[in-house]
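> This is model_18.pdb, which holds PDB, C-alpha atoms and all ligand atoms:
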ATOM      1  CA  MET A   1     -18.329 -10.242  -1.721  1.00  0.00           C
ATOM      2  CA  PRO A   2     -18.668  -7.278  -4.110  1.00  0.00           C
ATOM      3  CA  LEU A   3     -20.685  -8.102  -7.225  1.00  0.00           C
ATOM      4  CA  VAL A   4     -19.512  -7.450 -10.794  1.00  0.00           C
ATOM      5  CA  LEU A   5     -22.212  -7.497 -13.459  1.00  0.00           C
ATOM      6  CA  ILE A   6     -20.906  -8.680 -16.853  1.00  0.00           C
ATOM      7  CA  LEU A   7     -23.287  -7.484 -19.560  1.00  0.00           C
ATOM      8  CA  ASN A   8     -23.289  -8.654 -23.167  1.00  0.00           C
ATOM      9  CA  GLY A   9     -25.262  -7.225 -26.050  1.00  0.00           C
ATOM     10  CA  PRO A  10     -26.776  -8.539 -29.270  1.00  0.00           C
ATOM     11  CA  ASN A  11     -25.518 -11.661 -31.026  1.00  0.00           C
ATOM     12  CA  LEU A  12     -23.082 -12.540 -28.244  1.00  0.00           C
ATOM     13  CA  ASN A  13     -25.370 -15.477 -27.368  1.00  0.00           C
ATOM     14  CA  LEU A  14     -23.904 -16.968 -30.576  1.00  0.00           C
ATOM     15  CA  LEU A  15     -20.314 -16.639 -29.350  1.00  0.00           C
ATOM     16  CA  GLY A  16     -18.389 -19.725 -30.461  1.00  0.00           C
ATOM     17  CA  GLN A  17     -20.659 -20.261 -33.478  1.00  0.00           C
ATOM     18  CA  ARG A  18     -20.812 -16.883 -35.257  1.00  0.00           C
ATOM     19  CA  GLN A  19     -17.746 -15.774 -37.256  1.00  0.00           C
ATOM     20  CA  PRO A  20     -15.291 -17.838 -35.172  1.00  0.00           C
ATOM     21  CA  GLU A  21     -12.404 -16.397 -37.222  1.00  0.00           C
ATOM     22  CA  ILE A  22     -13.241 -13.050 -35.576  1.00  0.00           C
ATOM     23  CA  TYR A  23     -14.749 -13.969 -32.207  1.00  0.00           C
ATOM     24  CA  GLY A  24     -13.120 -17.360 -31.512  1.00  0.00           C
ATOM     25  CA  ARG A  25     -14.561 -20.754 -30.572  1.00  0.00           C
ATOM     26  CA  GLU A  26     -15.261 -20.229 -26.887  1.00  0.00           C
ATOM     27  CA  THR A  27     -18.874 -19.764 -25.856  1.00  0.00           C
ATOM     28  CA  LEU A  28     -20.448 -17.252 -23.487  1.00  0.00           C
ATOM     29  CA  ASP A  29     -20.948 -20.131 -21.007  1.00  0.00           C
ATOM     30  CA  ASP A  30     -17.155 -20.666 -21.118  1.00  0.00           C
ATOM     31  CA  VAL A  31     -16.662 -16.950 -20.413  1.00  0.00           C
ATOM     32  CA  ALA A  32     -19.137 -17.061 -17.503  1.00  0.00           C
ATOM     33  CA  ARG A  33     -17.377 -20.100 -16.004  1.00  0.00           C
ATOM     34  CA  ASP A  34     -13.875 -18.582 -16.366  1.00  0.00           C
ATOM     35  CA  CYS A  35     -15.010 -15.249 -14.885  1.00  0.00           C
ATOM     36  CA  ALA A  36     -16.680 -16.978 -11.931  1.00  0.00           C
ATOM     37  CA  ALA A  37     -13.453 -18.910 -11.222  1.00  0.00           C
ATOM     38  CA  LEU A  38     -11.244 -15.823 -11.468  1.00  0.00           C
ATOM     39  CA  GLY A  39     -13.772 -13.801  -9.468  1.00  0.00           C
ATOM     40  CA  ALA A  40     -13.554 -16.327  -6.630  1.00  0.00           C
ATOM     41  CA  GLU A  41      -9.743 -15.875  -6.613  1.00  0.00           C
ATOM     42  CA  LEU A  42     -10.112 -12.081  -6.604  1.00  0.00           C
ATOM     43  CA  GLY A  43     -12.874 -11.975  -3.986  1.00  0.00           C
ATOM     44  CA  LEU A  44     -15.604 -10.901  -6.420  1.00  0.00           C
ATOM     45  CA  ASP A  45     -18.980 -12.422  -7.244  1.00  0.00           C
ATOM     46  CA  THR A  46     -19.797 -12.322 -10.949  1.00  0.00           C
ATOM     47  CA  ASP A  47     -23.124 -12.377 -12.775  1.00  0.00           C
ATOM     48  CA  LEU A  48     -22.886 -12.673 -16.579  1.00  0.00           C
ATOM     49  CA  ARG A  49     -25.958 -11.795 -18.638  1.00  0.00           C
ATOM     50  CA  GLN A  50     -26.696 -11.407 -22.348  1.00  0.00           C
ATOM     51  CA  SER A  51     -29.571  -9.783 -24.198  1.00  0.00           C
ATOM     52  CA  ASN A  52     -30.369  -8.950 -27.791  1.00  0.00           C
ATOM     53  CA  HIS A  53     -32.599  -6.098 -26.560  1.00  0.00           C
ATOM     54  CA  GLU A  54     -31.334  -2.601 -25.760  1.00  0.00           C
ATOM     55  CA  GLY A  55     -34.037  -1.893 -23.148  1.00  0.00           C
ATOM     56  CA  GLN A  56     -33.200  -5.064 -21.230  1.00  0.00           C
ATOM     57  CA  ILE A  57     -29.543  -4.040 -20.994  1.00  0.00           C
ATOM     58  CA  ILE A  58     -30.609  -0.586 -19.749  1.00  0.00           C
ATOM     59  CA  ASP A  59     -32.883  -2.176 -17.106  1.00  0.00           C
ATOM     60  CA  TRP A  60     -29.974  -4.356 -15.922  1.00  0.00           C
ATOM     61  CA  ILE A  61     -27.712  -1.282 -15.626  1.00  0.00           C
ATOM     62  CA  HIS A  62     -30.415   0.425 -13.517  1.00  0.00           C
ATOM     63  CA  GLU A  63     -30.631  -2.698 -11.327  1.00  0.00           C
ATOM     64  CA  ALA A  64     -26.835  -2.585 -10.914  1.00  0.00           C
ATOM     65  CA  ARG A  65     -27.164   0.837  -9.213  1.00  0.00           C
ATOM     66  CA  ARG A  66     -28.546  -1.074  -6.200  1.00  0.00           C
ATOM     67  CA  THR A  67     -26.777  -4.422  -6.456  1.00  0.00           C
ATOM     68  CA  ALA A  68     -23.358  -4.236  -8.161  1.00  0.00           C
ATOM     69  CA  GLN A  69     -20.050  -2.577  -7.345  1.00  0.00           C
ATOM     70  CA  GLY A  70     -18.710  -2.685 -10.922  1.00  0.00           C
ATOM     71  CA  ILE A  71     -19.800  -3.384 -14.499  1.00  0.00           C
ATOM     72  CA  ILE A  72     -18.029  -5.078 -17.389  1.00  0.00           C
ATOM     73  CA  ILE A  73     -19.908  -4.435 -20.620  1.00  0.00           C
ATOM     74  CA  ASN A  74     -19.558  -5.675 -24.168  1.00  0.00           C
ATOM     75  CA  PRO A  75     -22.531  -3.926 -25.773  1.00  0.00           C
ATOM     76  CA  GLY A  76     -21.974  -5.647 -29.149  1.00  0.00           C
ATOM     77  CA  ALA A  77     -23.257  -3.472 -31.984  1.00  0.00           C
ATOM     78  CA  PHE A  78     -25.038  -1.170 -29.479  1.00  0.00           C
ATOM     79  CA  THR A  79     -21.528   0.128 -28.715  1.00  0.00           C
ATOM     80  CA  HIS A  80     -21.665   2.129 -31.919  1.00  0.00           C
ATOM     81  CA  THR A  81     -25.296   3.285 -31.765  1.00  0.00           C
ATOM     82  CA  SER A  82     -26.670   3.552 -28.250  1.00  0.00           C
ATOM     83  CA  VAL A  83     -26.788   6.912 -26.498  1.00  0.00           C
ATOM     84  CA  ALA A  84     -29.382   5.283 -24.205  1.00  0.00           C
ATOM     85  CA  ILE A  85     -26.888   2.715 -22.872  1.00  0.00           C
ATOM     86  CA  LEU A  86     -24.333   5.524 -22.410  1.00  0.00           C
ATOM     87  CA  ASP A  87     -26.896   7.527 -20.407  1.00  0.00           C
ATOM     88  CA  ALA A  88     -27.748   4.491 -18.242  1.00  0.00           C
ATOM     89  CA  LEU A  89     -24.042   3.954 -17.506  1.00  0.00           C
ATOM     90  CA  HIS A  90     -23.743   7.617 -16.501  1.00  0.00           C
ATOM     91  CA  ALA A  91     -26.372   6.846 -13.822  1.00  0.00           C
ATOM     92  CA  PHE A  92     -24.173   4.061 -12.372  1.00  0.00           C
ATOM     93  CA  ASP A  93     -21.607   5.276  -9.838  1.00  0.00           C
ATOM     94  CA  GLY A  94     -19.109   2.382  -9.811  1.00  0.00           C
ATOM     95  CA  PRO A  95     -16.289   1.571 -12.222  1.00  0.00           C
ATOM     96  CA  VAL A  96     -17.139   0.434 -15.764  1.00  0.00           C
ATOM     97  CA  ILE A  97     -14.827  -1.495 -18.087  1.00  0.00           C
ATOM     98  CA  GLU A  98     -15.778  -1.844 -21.773  1.00  0.00           C
ATOM     99  CA  VAL A  99     -14.683  -5.039 -23.561  1.00  0.00           C
ATOM    100  CA  HIS A 100     -14.544  -5.920 -27.240  1.00  0.00           C
ATOM    101  CA  ILE A 101     -13.417  -9.387 -28.197  1.00  0.00           C
ATOM    102  CA  SER A 102     -12.212  -8.320 -31.632  1.00  0.00           C
ATOM    103  CA  ASN A 103      -9.934  -5.410 -32.436  1.00  0.00           C
ATOM    104  CA  VAL A 104     -12.653  -3.056 -33.624  1.00  0.00           C
ATOM    105  CA  HIS A 105     -10.001  -0.609 -34.887  1.00  0.00           C
ATOM    106  CA  LYS A 106      -8.842  -3.140 -37.501  1.00  0.00           C
ATOM    107  CA  ARG A 107     -12.405  -3.513 -38.765  1.00  0.00           C
ATOM    108  CA  GLU A 108     -14.988  -1.350 -40.573  1.00  0.00           C
ATOM    109  CA  SER A 109     -14.857   2.368 -39.757  1.00  0.00           C
ATOM    110  CA  PHE A 110     -18.379   2.307 -38.237  1.00  0.00           C
ATOM    111  CA  ARG A 111     -16.928   0.133 -35.449  1.00  0.00           C
ATOM    112  CA  HIS A 112     -14.251   2.698 -34.576  1.00  0.00           C
ATOM    113  CA  HIS A 113     -16.577   4.941 -32.568  1.00  0.00           C
ATOM    114  CA  SER A 114     -17.968   3.875 -29.192  1.00  0.00           C
ATOM    115  CA  TYR A 115     -20.569   5.847 -27.233  1.00  0.00           C
ATOM    116  CA  VAL A 116     -19.825   3.675 -24.192  1.00  0.00           C
ATOM    117  CA  SER A 117     -16.164   4.768 -24.189  1.00  0.00           C
ATOM    118  CA  LEU A 118     -17.345   8.248 -23.144  1.00  0.00           C
ATOM    119  CA  ARG A 119     -18.219   6.670 -19.761  1.00  0.00           C
ATOM    120  CA  ALA A 120     -15.882   3.669 -19.470  1.00  0.00           C
ATOM    121  CA  ASP A 121     -13.015   3.847 -16.975  1.00  0.00           C
ATOM    122  CA  GLY A 122     -11.083   1.397 -19.152  1.00  0.00           C
ATOM    123  CA  VAL A 123     -11.444  -0.232 -22.560  1.00  0.00           C
ATOM    124  CA  ILE A 124     -10.053  -3.653 -23.544  1.00  0.00           C
ATOM    125  CA  VAL A 125     -10.080  -4.369 -27.264  1.00  0.00           C
ATOM    126  CA  GLY A 126      -8.833  -7.226 -29.414  1.00  0.00           C
ATOM    127  CA  CYS A 127      -7.714  -9.602 -26.651  1.00  0.00           C
ATOM    128  CA  GLY A 128     -10.304 -12.263 -27.482  1.00  0.00           C
ATOM    129  CA  VAL A 129     -12.450 -13.576 -24.651  1.00  0.00           C
ATOM    130  CA  GLN A 130      -9.426 -13.147 -22.385  1.00  0.00           C
ATOM    131  CA  GLY A 131     -10.460  -9.472 -22.365  1.00  0.00           C
ATOM    132  CA  TYR A 132     -13.191 -10.303 -19.829  1.00  0.00           C
ATOM    133  CA  GLN A 133     -10.584 -11.703 -17.426  1.00  0.00           C
ATOM    134  CA  LEU A 134      -8.369  -8.642 -17.887  1.00  0.00           C
ATOM    135  CA  ALA A 135     -11.381  -6.439 -17.195  1.00  0.00           C
ATOM    136  CA  LEU A 136     -12.173  -8.387 -14.026  1.00  0.00           C
ATOM    137  CA  ARG A 137      -8.601  -7.954 -12.754  1.00  0.00           C
ATOM    138  CA  ARG A 138      -8.814  -4.225 -13.415  1.00  0.00           C
ATOM    139  CA  LEU A 139     -12.176  -3.957 -11.623  1.00  0.00           C
ATOM    140  CA  ALA A 140     -10.765  -5.856  -8.637  1.00  0.00           C
ATOM    141  CA  ALA A 141      -8.073  -3.178  -8.354  1.00  0.00           C
ATOM    142  CA  LEU A 142     -10.560  -0.321  -8.769  1.00  0.00           C
ATOM    143  CA  ILE A 143     -13.078  -1.749  -6.274  1.00  0.00           C
ATOM    144  CA  ALA A 144     -10.449  -2.636  -3.616  1.00  0.00           C
TER     145      ALA A 144
HETATM  146  C1  LIG A 201     -19.001  -7.497 -30.821  1.00  0.00           C
HETATM  147  C2  LIG A 201     -19.951  -7.221 -31.748  1.00  0.00           C
HETATM  148  O1  LIG A 201     -21.054  -7.948 -31.834  1.00  0.00           O
HETATM  149  C3  LIG A 201     -19.772  -6.150 -32.751  1.00  0.00           C
HETATM  150  O2  LIG A 201     -20.993  -5.564 -33.137  1.00  0.00           O
HETATM  151  C4  LIG A 201     -18.803  -5.083 -32.286  1.00  0.00           C
HETATM  152  C5  LIG A 201     -17.834  -6.617 -30.592  1.00  0.00           C
HETATM  153  C6  LIG A 201     -17.527  -5.720 -31.769  1.00  0.00           C
HETATM  154  C7  LIG A 201     -16.634  -7.417 -30.100  1.00  0.00           C
HETATM  155  O3  LIG A 201     -15.571  -7.384 -30.699  1.00  0.00           O
HETATM  156  O4  LIG A 201     -16.772  -8.067 -29.053  1.00  0.00           O
HETATM  157  O5  LIG A 201     -18.531  -4.191 -33.339  1.00  0.00           O
END
Starting from the file, give its structure as structure tokens.
Ligand code: DHK

Amino acid sequence: MPLVLILNGPNLNLLGQRQPEIYGRETLDDVARDCAALGAELGLDTDLRQSNHEGQIIDWIHEARRTAQGIIINPGAFTHTSVAILDALHAFDGPVIEVHISNVHKRESFRHHSYVSLRADGVIVGCGVQGYQLALRRLAALIA
């Protein structure tokens, strides 16, 4: 089955504990489980990873060039700072969907700009952790 890599940036390991009024109570393990179940329905393998380190995320995007057919990425705060992650995504040929759990446009102005959006084929914002499932459905359509 085609593989979708689901990448998560800094502080998302604390999902469910950090600022639950913004990010909700579900954990990243819950997200991984729900994506695996939906992926099985859609005919996609999923591999969810999280790192607090920019270089690690870049290395995983490079790996995806050989192993994955699509990428879902929530780069966390690197969204707003990382030209390096943007450049790595430009080196990946498959579809990319960017996800933000919160509605970044209702928040501080520094969250309104995303480098990753310059590469993303779609952006899902403010749908809570359900955004990952929406992204997976979109990737299934793009990969088919
Ligand atoms: C997650 C973060 O950690 C923030 O730095 C971003 C994003 C928003 C989210 O909504 O998933 O600004």
> Atom CA of Asp121 of chain A and atom CA of Ser109 of chain A, how far apart in Å?
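That distance, rounded to one decimal, is 22.9 Å.
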> Please, which residues in chain A fall within 6 Å of ligand LIG 201 (chain A) when counting all atoms listed in the file, and what is the closest atom pair and distance in Å to one decimal for each, ordered by chain then residue number, as JSON lines?

{"residue": "A:Asn11", "atom": "CA", "partner": "A:LIG201", "partner_atom": "O1", "distance": 5.9}
{"residue": "A:Gly76", "atom": "CA", "partner": "A:LIG201", "partner_atom": "C2", "distance": 3.7}
{"residue": "A:Ala77", "atom": "CA", "partner": "A:LIG201", "partner_atom": "O2", "distance": 3.3}
{"residue": "A:His100", "atom": "CA", "partner": "A:LIG201", "partner_atom": "O4", "distance": 3.6}
{"residue": "A:Ile101", "atom": "CA", "partner": "A:LIG201", "partner_atom": "O4", "distance": 3.7}
{"residue": "A:Ser102", "atom": "CA", "partner": "A:LIG201", "partner_atom": "O3", "distance": 3.6}
{"residue": "A:Val104", "atom": "CA", "partner": "A:LIG201", "partner_atom": "C6", "distance": 5.9}
{"residue": "A:Arg111", "atom": "CA", "partner": "A:LIG201", "partner_atom": "O5", "distance": 5.1}
> Set the distance at 10 Å and use all atoms listed in the file: which residues neighbour segment 131-143 of chain A once local chain neighbours fewer than 3 positions away are removed? I'd like the list as a PyMOL selection string.
chain A and resi 2-4+6+31-32+34-39+42-44+46+69-74+94-102+121-128
> Measuring atom to atom with all atoms listed in the file, identify which of A:Arg49, A:Arg107, A:His62, A:His90 is nearest to Ile22 of chain A.
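Among A:Arg49, A:Arg107, A:His62, A:His90, it is A:Arg107 that comes nearest to Ile22 of chain A.
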> In Å, how far is it from atom CA of Lys106 of chain A to atom CA of Asp87 of chain A?
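These atoms are spaced 27.1 Å apart.
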> Using the chain letters and numbers from the file, which residues does the PyMOL selection byres (((chain A and resi 115) around 7) and not hetatm) grab, as a list in words?
Thr79, His80, Ser82, Val83, Leu86, His113, Ser114, Val116, Ser117 and Leu118 of chain A
> Just checking: using only C-alpha atoms, which residue out of A:Asp47, A:Glu108, A:Arg25, A:Leu89 ends up closest to Thr67 of chain A?
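Answer, going by the shortest atom-to-atom distance: A:Asp47.
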> Which neighbours of Ala88 of chain A fall inside 10 Å, counting all atoms listed in the file, when residues of the same chain fewer than 3 positions from it are skipped, and could you give them as number ranges by chain?
A: 57-62, 65, 83-85, 91-92, 116, 119
> What does the distance from atom CA of Gln50 of chain A to atom CA of Ala144 of chain A come to in Å, to one decimal?
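Separation between atom CA of Gln50 of chain A and atom CA of Ala144 of chain A: 26.3 Å.
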> Skipping near chain neighbours, those fewer than 2 positions away, what residues fall within 6 Å of Pro10 of chain A using only C-alpha atoms, listed as a VMD selection string?
chain A and resid 12 51 to 52 76
> Select all residues near (-16.1, -20.4, -30.3) (cut-off 6 Å, inclusive, file coordinates), counting only C-alpha atoms, and output them as an NGL selection string.
:A and (15-17 or 20 or 24-27)
> Here is a test: counting all atoms listed in the file, which residue of A:Leu28, A:Met1, A:Ala120, A:Asp93 is nearest to Ala64 of chain A?
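The answer is A:Asp93, which sits nearest to Ala64 of chain A.
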